[in-house]
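Colleague: Provided herewith: target-v5.cif, mmCIF, C-alpha atoms (C1' of nucleotides).
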```
data_structure
#
loop_
_atom_site.group_PDB
_atom_site.id
_atom_site.type_symbol
_atom_site.label_atom_id
_atom_site.label_comp_id
_atom_site.auth_asym_id
_atom_site.auth_seq_id
_atom_site.Cartn_x
_atom_site.Cartn_y
_atom_site.Cartn_z
ATOM 1 C CA MET A 1 3.075 15.292 -6.810
ATOM 2 C CA SER A 2 2.295 15.297 -10.528
ATOM 3 C CA ARG A 3 -0.969 14.065 -11.976
ATOM 4 C CA THR A 4 -1.733 10.356 -12.214
ATOM 5 C CA LEU A 5 -2.251 9.149 -15.786
ATOM 6 C CA SER A 6 -5.890 8.356 -16.533
ATOM 7 C CA ARG A 7 -7.175 5.121 -18.021
ATOM 8 C CA ASP A 8 -7.651 6.907 -21.360
ATOM 9 C CA PHE A 9 -3.883 7.160 -21.648
ATOM 10 C CA TYR A 10 -3.597 3.380 -21.756
ATOM 11 C CA GLU A 11 -6.629 2.774 -23.948
ATOM 12 C CA ARG A 12 -4.711 3.380 -27.183
ATOM 13 C CA PRO A 13 -2.581 1.249 -29.517
ATOM 14 C CA VAL A 14 0.171 -0.349 -27.454
ATOM 15 C CA VAL A 15 3.046 1.014 -29.559
ATOM 16 C CA ASP A 16 1.768 4.574 -29.051
ATOM 17 C CA VAL A 17 1.507 4.002 -25.317
ATOM 18 C CA ALA A 18 4.998 2.500 -25.130
ATOM 19 C CA ARG A 19 6.445 5.550 -26.851
ATOM 20 C CA SER A 20 4.573 8.091 -24.754
ATOM 21 C CA LEU A 21 5.460 6.350 -21.486
ATOM 22 C CA ILE A 22 9.057 7.500 -21.975
ATOM 23 C CA GLY A 23 9.580 10.379 -19.532
ATOM 24 C CA LYS A 24 6.620 9.498 -17.302
ATOM 25 C CA ARG A 25 7.106 8.776 -13.594
ATOM 26 C CA LEU A 26 6.703 5.356 -12.047
ATOM 27 C CA VAL A 27 5.670 5.926 -8.427
ATOM 28 C CA ARG A 28 5.697 3.281 -5.708
ATOM 29 C CA ASN A 29 4.099 3.930 -2.317
ATOM 30 C CA LEU A 30 5.941 1.669 0.088
ATOM 31 C CA HIS A 31 4.665 2.047 3.638
ATOM 32 C CA ASP A 32 5.764 5.570 4.596
ATOM 33 C CA ASP A 33 8.255 5.849 1.777
ATOM 34 C CA LEU A 34 7.728 7.155 -1.722
ATOM 35 C CA LEU A 35 9.919 5.606 -4.388
ATOM 36 C CA ALA A 36 9.881 7.030 -7.887
ATOM 37 C CA GLY A 37 11.754 7.043 -11.161
ATOM 38 C CA VAL A 38 11.430 8.412 -14.672
ATOM 39 C CA ILE A 39 10.722 5.754 -17.301
ATOM 40 C CA ILE A 40 13.524 5.740 -19.877
ATOM 41 C CA GLU A 41 13.023 2.434 -21.695
ATOM 42 C CA THR A 42 9.932 0.398 -22.726
ATOM 43 C CA GLU A 43 8.859 -2.347 -25.110
ATOM 44 C CA ALA A 44 5.462 -3.000 -26.733
ATOM 45 C CA TYR A 45 3.815 -6.432 -26.994
ATOM 46 C CA ASP A 46 0.804 -6.391 -29.261
ATOM 47 C CA GLY A 47 -1.897 -9.031 -29.167
ATOM 48 C CA GLU A 48 -2.213 -12.702 -30.057
ATOM 49 C CA GLN A 49 -0.727 -12.241 -33.528
ATOM 50 C CA ASP A 50 2.564 -10.986 -32.025
ATOM 51 C CA ARG A 51 4.580 -14.149 -31.515
ATOM 52 C CA ALA A 52 6.790 -12.441 -28.939
ATOM 53 C CA CYS A 53 3.762 -11.595 -26.787
ATOM 54 C CA HIS A 54 2.773 -13.938 -23.967
ATOM 55 C CA ALA A 55 -0.764 -13.899 -25.363
ATOM 56 C CA HIS A 56 0.223 -15.350 -28.727
ATOM 57 C CA ARG A 57 -1.132 -18.764 -27.752
ATOM 58 C CA GLY A 58 -4.346 -17.352 -26.371
ATOM 59 C CA LYS A 59 -5.583 -16.597 -22.894
ATOM 60 C CA THR A 60 -4.064 -18.513 -19.976
ATOM 61 C CA ARG A 61 -4.070 -18.066 -16.233
ATOM 62 C CA ARG A 62 -0.683 -16.406 -16.421
ATOM 63 C CA ASN A 63 -1.525 -13.786 -19.029
ATOM 64 C CA ALA A 64 -5.194 -13.247 -18.108
ATOM 65 C CA VAL A 65 -4.522 -9.740 -16.802
ATOM 66 C CA MET A 66 -3.521 -8.635 -20.305
ATOM 67 C CA TYR A 67 -7.092 -9.353 -21.396
ATOM 68 C CA GLY A 68 -8.466 -7.134 -18.643
ATOM 69 C CA PRO A 69 -9.008 -3.369 -18.590
ATOM 70 C CA PRO A 70 -6.176 -1.029 -19.639
ATOM 71 C CA GLY A 71 -4.154 0.745 -16.969
ATOM 72 C CA CYS A 72 -3.548 -2.344 -14.849
ATOM 73 C CA ALA A 73 -0.174 -3.890 -13.997
ATOM 74 C CA TYR A 74 0.776 -7.233 -15.527
ATOM 75 C CA VAL A 75 3.561 -8.653 -13.362
ATOM 76 C CA TYR A 76 5.009 -12.054 -14.159
ATOM 77 C CA PHE A 77 7.792 -14.297 -12.952
ATOM 78 C CA THR A 78 10.561 -15.568 -15.206
ATOM 79 C CA TYR A 79 13.913 -17.385 -15.183
ATOM 80 C CA GLY A 80 13.067 -18.739 -11.759
ATOM 81 C CA LEU A 81 13.972 -15.530 -9.960
ATOM 82 C CA HIS A 82 12.859 -12.359 -11.741
ATOM 83 C CA TRP A 83 9.656 -10.299 -11.688
ATOM 84 C CA LEU A 84 8.924 -8.118 -14.721
ATOM 85 C CA LEU A 85 6.486 -5.184 -14.744
ATOM 86 C CA ASN A 86 4.156 -4.370 -17.637
ATOM 87 C CA CYS A 87 1.154 -2.089 -18.037
ATOM 88 C CA VAL A 88 -1.901 -3.331 -19.865
ATOM 89 C CA THR A 89 -3.018 -1.239 -22.842
ATOM 90 C CA GLY A 90 -5.692 -1.105 -25.522
ATOM 91 C CA ALA A 91 -9.332 -2.099 -25.276
ATOM 92 C CA GLU A 92 -10.515 -4.671 -22.759
ATOM 93 C CA ASP A 93 -10.280 -8.231 -24.157
ATOM 94 C CA TYR A 94 -7.413 -7.179 -26.452
ATOM 95 C CA PRO A 95 -4.177 -8.587 -24.951
ATOM 96 C CA ALA A 96 -1.425 -5.990 -25.231
ATOM 97 C CA ALA A 97 1.053 -4.614 -22.718
ATOM 98 C CA VAL A 98 4.113 -2.407 -22.351
ATOM 99 C CA LEU A 99 7.168 -3.826 -20.586
ATOM 100 C CA ILE A 100 8.929 -1.250 -18.402
ATOM 101 C CA ARG A 101 12.606 -1.960 -19.040
ATOM 102 C CA ALA A 102 14.429 0.852 -17.254
ATOM 103 C CA ILE A 103 13.877 3.899 -15.055
ATOM 104 C CA GLN A 104 16.015 6.721 -13.723
ATOM 105 C CA PRO A 105 15.520 6.819 -9.923
ATOM 106 C CA ILE A 106 14.559 10.279 -8.681
ATOM 107 C CA HIS A 107 12.941 9.752 -5.301
ATOM 108 C CA GLY A 108 13.387 7.468 -2.300
ATOM 109 C CA LEU A 109 17.004 6.825 -3.178
ATOM 110 C CA GLU A 110 17.861 5.645 0.324
ATOM 111 C CA VAL A 111 15.344 2.809 0.217
ATOM 112 C CA ILE A 112 16.267 1.935 -3.362
ATOM 113 C CA SER A 113 19.924 1.753 -2.403
ATOM 114 C CA GLN A 114 18.993 -0.702 0.361
ATOM 115 C CA ASN A 115 17.032 -2.818 -2.124
ATOM 116 C CA ARG A 116 20.027 -2.779 -4.487
ATOM 117 C CA ALA A 117 22.734 -3.033 -1.828
ATOM 118 C CA GLY A 118 26.301 -3.215 -3.027
ATOM 119 C CA ILE A 119 25.475 -2.174 -6.579
ATOM 120 C CA ALA A 120 26.587 1.007 -8.353
ATOM 121 C CA GLN A 121 23.815 3.602 -8.604
ATOM 122 C CA GLU A 122 23.758 3.691 -12.397
ATOM 123 C CA LEU A 123 22.995 -0.057 -12.373
ATOM 124 C CA TRP A 124 20.117 0.099 -9.873
ATOM 125 C CA CYS A 125 17.249 0.263 -12.371
ATOM 126 C CA ASN A 126 18.721 -0.228 -15.845
ATOM 127 C CA GLY A 127 16.954 -3.536 -16.514
ATOM 128 C CA PRO A 128 13.364 -4.816 -16.267
ATOM 129 C CA ALA A 129 14.047 -7.166 -13.355
ATOM 130 C CA LYS A 130 16.382 -4.689 -11.681
ATOM 131 C CA LEU A 131 13.752 -1.999 -11.306
ATOM 132 C CA THR A 132 11.196 -4.398 -9.831
ATOM 133 C CA ARG A 133 13.795 -5.362 -7.255
ATOM 134 C CA ALA A 134 14.653 -1.730 -6.577
ATOM 135 C CA LEU A 135 10.995 -0.732 -6.066
ATOM 136 C CA ALA A 136 10.010 -3.939 -4.221
ATOM 137 C CA ILE A 137 7.517 -5.037 -6.873
ATOM 138 C CA ASP A 138 6.512 -8.709 -7.061
ATOM 139 C CA GLY A 139 3.659 -10.982 -8.097
ATOM 140 C CA THR A 140 1.265 -9.503 -5.561
ATOM 141 C CA PHE A 141 1.084 -6.461 -7.885
ATOM 142 C CA ASN A 142 -0.295 -8.495 -10.770
ATOM 143 C CA GLY A 143 -3.602 -6.920 -11.809
ATOM 144 C CA CYS A 144 -3.247 -3.851 -9.606
ATOM 145 C CA ASP A 145 -4.681 -0.581 -10.963
ATOM 146 C CA LEU A 146 -2.057 1.968 -12.017
ATOM 147 C CA CYS A 147 -4.646 4.753 -12.345
ATOM 148 C CA GLN A 148 -5.415 5.040 -8.619
ATOM 149 C CA GLN A 149 -4.323 8.281 -6.979
ATOM 150 C CA ASN A 150 -2.203 7.323 -3.969
ATOM 151 C CA GLY A 151 -2.285 3.660 -4.983
ATOM 152 C CA ILE A 152 0.632 1.422 -4.074
ATOM 153 C CA LEU A 153 1.814 1.661 -7.675
ATOM 154 C CA GLN A 154 0.951 4.314 -10.225
ATOM 155 C CA ILE A 155 2.314 6.184 -13.204
ATOM 156 C CA THR A 156 2.121 9.969 -13.271
ATOM 157 C CA GLU A 157 2.976 12.811 -15.626
ATOM 158 C CA GLY A 158 6.701 13.330 -15.767
ATOM 159 C CA ILE A 159 9.159 15.201 -17.919
ATOM 160 C CA THR A 160 8.968 16.019 -21.621
ATOM 161 C CA ILE A 161 11.619 14.301 -23.648
ATOM 162 C CA PRO A 162 12.199 15.706 -27.164
ATOM 163 C CA ASP A 163 11.062 13.411 -29.972
ATOM 164 C CA ASP A 164 14.518 13.294 -31.471
ATOM 165 C CA LYS A 165 15.881 11.919 -28.215
ATOM 166 C CA ILE A 166 13.595 8.871 -28.307
ATOM 167 C CA GLN A 167 15.093 5.987 -30.247
ATOM 168 C CA ALA A 168 13.065 3.036 -31.581
ATOM 169 C CA THR A 169 14.909 -0.279 -31.958
ATOM 170 C CA PRO A 170 14.015 -4.004 -32.140
ATOM 171 C CA ARG A 171 12.971 -5.728 -28.940
ATOM 172 C CA ILE A 172 15.355 -7.701 -26.748
ATOM 173 C CA GLY A 173 15.460 -11.426 -26.048
ATOM 174 C CA ILE A 174 12.697 -12.601 -28.380
ATOM 175 C CA GLY A 175 14.713 -14.552 -30.937
ATOM 176 C CA TYR A 176 12.247 -17.429 -30.676
ATOM 177 C CA ALA A 177 9.446 -15.295 -32.128
ATOM 178 C CA GLY A 178 10.704 -15.275 -35.735
ATOM 179 C CA GLU A 179 10.132 -12.605 -38.329
ATOM 180 C CA PRO A 180 8.604 -10.121 -38.763
ATOM 181 C CA TRP A 181 8.316 -9.816 -34.990
ATOM 182 C CA ILE A 182 12.051 -9.837 -34.270
ATOM 183 C CA SER A 183 12.580 -6.737 -36.404
ATOM 184 C CA LYS A 184 9.629 -4.655 -35.241
ATOM 185 C CA PRO A 185 11.052 -1.402 -33.797
ATOM 186 C CA TRP A 186 8.882 -1.616 -30.702
ATOM 187 C CA ARG A 187 11.531 -0.890 -28.094
ATOM 188 C CA PHE A 188 11.727 2.752 -27.084
ATOM 189 C CA GLU A 189 14.627 4.333 -25.262
ATOM 190 C CA ALA A 190 15.512 7.862 -24.185
ATOM 191 C CA LYS A 191 18.899 8.511 -25.767
ATOM 192 C CA MET A 192 20.078 11.072 -23.259
ATOM 193 C CA GLN A 193 22.834 11.361 -20.734
ATOM 194 C CA LEU A 194 21.458 10.824 -17.249
ATOM 195 C CA ALA A 195 22.595 14.342 -16.404
ATOM 196 C CA GLU A 196 20.313 15.671 -19.163
ATOM 197 C CA VAL A 197 17.398 13.684 -17.738
ATOM 198 C CA ASN A 198 18.127 15.000 -14.263
ATOM 199 C CA ALA A 199 18.241 18.549 -15.598
ATOM 200 C CA LEU A 200 14.616 18.192 -16.793
ATOM 201 C CA ILE A 201 13.422 17.037 -13.374
ATOM 202 C CA GLU A 202 12.379 19.872 -11.182
ATOM 203 C "C1'" DT B 203 2.848 -36.338 -14.771
ATOM 204 C "C1'" DC B 204 7.045 -35.110 -17.281
ATOM 205 C "C1'" DT B 205 9.960 -32.002 -19.961
ATOM 206 C "C1'" DT B 206 11.375 -27.856 -21.748
ATOM 207 C "C1'" DC B 207 12.565 -23.233 -21.522
ATOM 208 C "C1'" DG B 208 12.073 -18.271 -20.641
ATOM 209 C "C1'" DA B 209 10.254 -10.259 -22.446
ATOM 210 C "C1'" DT B 210 17.194 -11.712 -17.149
ATOM 211 C "C1'" DT B 211 20.957 -10.902 -14.138
ATOM 212 C "C1'" DG B 212 25.335 -11.349 -11.967
ATOM 213 C "C1'" DT B 213 29.552 -13.702 -11.705
ATOM 214 C "C1'" DC B 214 33.401 -15.859 -13.390
ATOM 215 C "C1'" DT B 215 37.039 -16.535 -16.997
ATOM 216 C "C1'" DG C 216 32.296 -13.456 -23.697
ATOM 217 C "C1'" DA C 217 30.217 -17.564 -21.522
ATOM 218 C "C1'" DC C 218 27.168 -19.565 -18.395
ATOM 219 C "C1'" DA C 219 24.770 -20.881 -14.055
ATOM 220 C "C1'" DA C 220 20.895 -19.728 -11.108
ATOM 221 C "C1'" DT C 221 16.105 -21.209 -10.267
ATOM 222 C "C1'" DC C 222 10.959 -22.275 -10.657
ATOM 223 C "C1'" DG C 223 6.582 -22.007 -12.635
ATOM 224 C "C1'" DA C 224 3.953 -21.853 -16.970
ATOM 225 C "C1'" DA C 225 2.867 -24.250 -20.974
ATOM 226 C "C1'" DG C 226 2.869 -28.034 -23.997
ATOM 227 C "C1'" DA C 227 3.467 -32.902 -24.751
ATOM 228 C "C1'" DA C 228 2.549 -37.523 -23.344
#
```
Could you quickly redo this structure as structure tokens?
Modeller:
Amino acid sequence: MSRTLSRDFYERPVVDVARSLIGKRLVRNLHDDLLAGVIIETEAYDGEQDRACHAHRGKTRRNAVMYGPPGCAYVYFTYGLHWLLNCVTGAEDYPAAVLIRAIQPIHGLEVISQNRAGIAQELWCNGPAKLTRALAIDGTFNGCDLCQQNGILQITEGITIPDDKIQATPRIGIGYAGEPWISKPWRFEAKMQLAEVNALIE
DNA sequence: TCTTCGATTGTCT
DNA sequence: GACAATCGAAGAA
């Protein structure tokens, strides 16, 4: 298996981390099964001044993990039924995180298909709450360390996606935040056909 | 304690 | 394209 990303990777400005997470592998150790996918879409949320960030009103019990060390998972519950996965970035005590919005499943497809029963394969993990369902990630992962080799959840080196294939656009679903936050191009997406992504995966 | 609403998804029209 | 589902966090009272 490829190398687990070190804490240094996450201890950088959140927008840089969000961009460089594209192409990395999200790996989930589930009992005897290994589930994995290549990250193809992320969003950055940057500190208390960012009105779209959960930390914009200061530290609360919900967002406390964002104030912790980088390289940890921030998992929260929303809309009464969805879990969303983020990774904490930047220095400790600075609340910033990257939302993982979509992955391309590459390993453990049988288990993933069970978790996403009755749904077409291309729709298994193409949304932030879809991939948590597919990889069986819930609130018990909040605060877990993503830098642990063989941990239950980690992010490892993946494939190299050419710069010109990574598109930056405004973030989704944050209309309440107002400008300039709505227009910040802090959503990153690999603009490639899935076949091209698959071709890069050994 | 009460009210509002969300970093979404799936279904129905 | 519109909207219900569903519940806990956060803010107001």
Colleague: Find the distance between atom C1' of B:DA209 and atom C1' of C:DA220 and write it in Å to one decimal.
Modeller: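 These two atoms are separated by 18.2 Å.
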Colleague: Within 9 Å of chain C, which residues of chain A show up? Give each one with its shortest atom-to-atom distance in Å (one decimal) and the two atoms involved, counting all atoms listed in the file, rows by chain then rising residue number, as a Markdown table.
Modeller:
```
| residue | atom | partner | partner_atom | distance |
| --- | --- | --- | --- | --- |
| A:Arg61 | CA | C:DA224 | C1' | 8.9 |
| A:Arg62 | CA | C:DA224 | C1' | 7.2 |
| A:Phe77 | CA | C:DG223 | C1' | 7.8 |
| A:Thr78 | CA | C:DG223 | C1' | 8.0 |
| A:Tyr79 | CA | C:DT221 | C1' | 6.6 |
| A:Gly80 | CA | C:DT221 | C1' | 4.2 |
| A:Leu81 | CA | C:DT221 | C1' | 6.1 |
```
Colleague: Which residues are near stretch 36-41 of chain A? Cut-off 10 Å, all atoms listed in the file, ignore same chain within fewer than 4 positions. Put them as a ChimeraX atom specification.
Modeller: /A:18-29,99-109,112,125-128,131,135,153-159,161,166-168,187-192,194,197-198,201
Colleague: What are the residues of chain B lining chain A at 9 Å or less? Count only C-alpha atoms (C1' of nucleotides), and put the answer as a list in words.
Modeller: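 Within 9 Å of chain A on chain B, we get DC207, DG208, DA209, DT210 and DT211 of chain B.
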Colleague: Do you have the atom CA of A:Leu30-atom CA of A:Tyr10 distance handy?
Modeller: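 Value for the atom CA of A:Leu30-atom CA of A:Tyr10 distance: 23.9 Å.
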Colleague: Looking at only C-alpha atoms, which of A:Cys147, A:Ile182, A:Leu200, A:Ala134 is the one that sits closest to A:Gly71?
Modeller: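 That would be A:Cys147, the residue with the smallest distance to A:Gly71.
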Colleague: Distance atom CA of A:Asn115-atom CA of A:Thr132, one decimal place?
Modeller: 9.8 Å
Colleague: Find the residue from A:Gly178, A:Asp163, A:Leu123, A:Ala97 that sits nearest to A:Thr42; use all atoms listed in the file when measuring.
Modeller: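 Once distances to A:Thr42 are computed over all atoms listed in the file, the minimum belongs to A:Ala97.
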Colleague: Can you complete the atoms of stretch 108-141 of chain A to N, CA and C atoms and list them as an mmCIF file, in the frame of the given file?
Modeller:
```
data_model
loop_
_atom_site.group_PDB
_atom_site.id
_atom_site.type_symbol
_atom_site.label_atom_id
_atom_site.label_comp_id
_atom_site.auth_asym_id
_atom_site.auth_seq_id
_atom_site.Cartn_x
_atom_site.Cartn_y
_atom_site.Cartn_z
ATOM 1 N N GLY A 108 13.272 8.635 -3.174
ATOM 2 C CA GLY A 108 13.387 7.468 -2.300
ATOM 3 C C GLY A 108 14.692 6.720 -2.512
ATOM 4 N N LEU A 109 15.739 7.465 -2.830
ATOM 5 C CA LEU A 109 17.004 6.825 -3.178
ATOM 6 C C LEU A 109 17.594 6.001 -2.040
ATOM 7 N N GLU A 110 17.308 6.406 -0.805
ATOM 8 C CA GLU A 110 17.861 5.645 0.324
ATOM 9 C C GLU A 110 17.297 4.228 0.357
ATOM 10 N N VAL A 111 15.970 4.130 0.195
ATOM 11 C CA VAL A 111 15.344 2.809 0.217
ATOM 12 C C VAL A 111 15.787 1.996 -0.991
ATOM 13 N N ILE A 112 15.845 2.632 -2.152
ATOM 14 C CA ILE A 112 16.267 1.935 -3.362
ATOM 15 C C ILE A 112 17.692 1.404 -3.194
ATOM 16 N N SER A 113 18.546 2.206 -2.581
ATOM 17 C CA SER A 113 19.924 1.753 -2.403
ATOM 18 C C SER A 113 19.981 0.549 -1.468
ATOM 19 N N GLN A 114 19.046 0.479 -0.509
ATOM 20 C CA GLN A 114 18.993 -0.702 0.361
ATOM 21 C C GLN A 114 18.533 -1.925 -0.424
ATOM 22 N N ASN A 115 17.534 -1.705 -1.311
ATOM 23 C CA ASN A 115 17.032 -2.818 -2.124
ATOM 24 C C ASN A 115 18.061 -3.294 -3.142
ATOM 25 N N ARG A 116 19.001 -2.450 -3.489
ATOM 26 C CA ARG A 116 20.027 -2.779 -4.487
ATOM 27 C C ARG A 116 21.408 -2.673 -3.845
ATOM 28 N N ALA A 117 21.518 -3.199 -2.616
ATOM 29 C CA ALA A 117 22.734 -3.033 -1.828
ATOM 30 C C ALA A 117 23.964 -3.562 -2.553
ATOM 31 N N GLY A 118 25.030 -2.784 -2.468
ATOM 32 C CA GLY A 118 26.301 -3.215 -3.027
ATOM 33 C C GLY A 118 26.437 -3.022 -4.523
ATOM 34 N N ILE A 119 25.464 -2.336 -5.125
ATOM 35 C CA ILE A 119 25.475 -2.174 -6.579
ATOM 36 C C ILE A 119 25.613 -0.690 -6.916
ATOM 37 N N ALA A 120 26.380 -0.384 -7.950
ATOM 38 C CA ALA A 120 26.587 1.007 -8.353
ATOM 39 C C ALA A 120 25.254 1.647 -8.751
ATOM 40 N N GLN A 121 25.103 2.921 -8.424
ATOM 41 C CA GLN A 121 23.815 3.602 -8.604
ATOM 42 C C GLN A 121 23.304 3.547 -10.045
ATOM 43 N N GLU A 122 24.217 3.683 -11.011
ATOM 44 C CA GLU A 122 23.758 3.691 -12.397
ATOM 45 C C GLU A 122 23.256 2.320 -12.847
ATOM 46 N N LEU A 123 23.463 1.286 -12.040
ATOM 47 C CA LEU A 123 22.995 -0.057 -12.373
ATOM 48 C C LEU A 123 21.766 -0.461 -11.571
ATOM 49 N N TRP A 124 21.239 0.457 -10.742
ATOM 50 C CA TRP A 124 20.117 0.099 -9.873
ATOM 51 C C TRP A 124 18.879 -0.325 -10.667
ATOM 52 N N CYS A 125 18.554 0.426 -11.699
ATOM 53 C CA CYS A 125 17.249 0.263 -12.371
ATOM 54 C C CYS A 125 17.376 0.183 -13.885
ATOM 55 N N ASN A 126 18.534 -0.230 -14.402
ATOM 56 C CA ASN A 126 18.721 -0.228 -15.845
ATOM 57 C C ASN A 126 18.397 -1.576 -16.481
ATOM 58 N N GLY A 127 17.426 -2.280 -15.935
ATOM 59 C CA GLY A 127 16.954 -3.536 -16.514
ATOM 60 C C GLY A 127 15.588 -3.851 -15.941
ATOM 61 N N PRO A 128 14.751 -4.591 -16.686
ATOM 62 C CA PRO A 128 13.364 -4.816 -16.267
ATOM 63 C C PRO A 128 13.230 -5.531 -14.924
ATOM 64 N N ALA A 129 14.128 -6.473 -14.637
ATOM 65 C CA ALA A 129 14.047 -7.166 -13.355
ATOM 66 C C ALA A 129 14.760 -6.383 -12.260
ATOM 67 N N LYS A 130 15.673 -5.493 -12.669
ATOM 68 C CA LYS A 130 16.382 -4.689 -11.681
ATOM 69 C C LYS A 130 15.451 -3.665 -11.050
ATOM 70 N N LEU A 131 14.595 -3.041 -11.874
ATOM 71 C CA LEU A 131 13.752 -1.999 -11.306
ATOM 72 C C LEU A 131 12.650 -2.585 -10.426
ATOM 73 N N THR A 132 12.192 -3.803 -10.728
ATOM 74 C CA THR A 132 11.196 -4.398 -9.831
ATOM 75 C C THR A 132 11.829 -4.707 -8.485
ATOM 76 N N ARG A 133 13.088 -5.126 -8.505
ATOM 77 C CA ARG A 133 13.795 -5.362 -7.255
ATOM 78 C C ARG A 133 13.985 -4.052 -6.494
ATOM 79 N N ALA A 134 14.376 -3.023 -7.205
ATOM 80 C CA ALA A 134 14.653 -1.730 -6.577
ATOM 81 C C ALA A 134 13.399 -1.145 -5.929
ATOM 82 N N LEU A 135 12.232 -1.324 -6.575
ATOM 83 C CA LEU A 135 10.995 -0.732 -6.066
ATOM 84 C C LEU A 135 10.160 -1.735 -5.268
ATOM 85 N N ALA A 136 10.706 -2.919 -5.006
ATOM 86 C CA ALA A 136 10.010 -3.939 -4.221
ATOM 87 C C ALA A 136 8.668 -4.297 -4.848
ATOM 88 N N ILE A 137 8.713 -4.629 -6.140
ATOM 89 C CA ILE A 137 7.517 -5.037 -6.873
ATOM 90 C C ILE A 137 7.596 -6.539 -7.135
ATOM 91 N N ASP A 138 6.528 -7.274 -6.794
ATOM 92 C CA ASP A 138 6.512 -8.709 -7.061
ATOM 93 C C ASP A 138 5.117 -9.134 -7.533
ATOM 94 N N GLY A 139 4.884 -10.439 -7.524
ATOM 95 C CA GLY A 139 3.659 -10.982 -8.097
ATOM 96 C C GLY A 139 2.382 -10.497 -7.437
ATOM 97 N N THR A 140 2.477 -9.981 -6.215
ATOM 98 C CA THR A 140 1.265 -9.503 -5.561
ATOM 99 C C THR A 140 0.724 -8.257 -6.262
ATOM 100 N N PHE A 141 1.535 -7.646 -7.147
ATOM 101 C CA PHE A 141 1.084 -6.461 -7.885
ATOM 102 C C PHE A 141 0.376 -6.824 -9.180
#
```
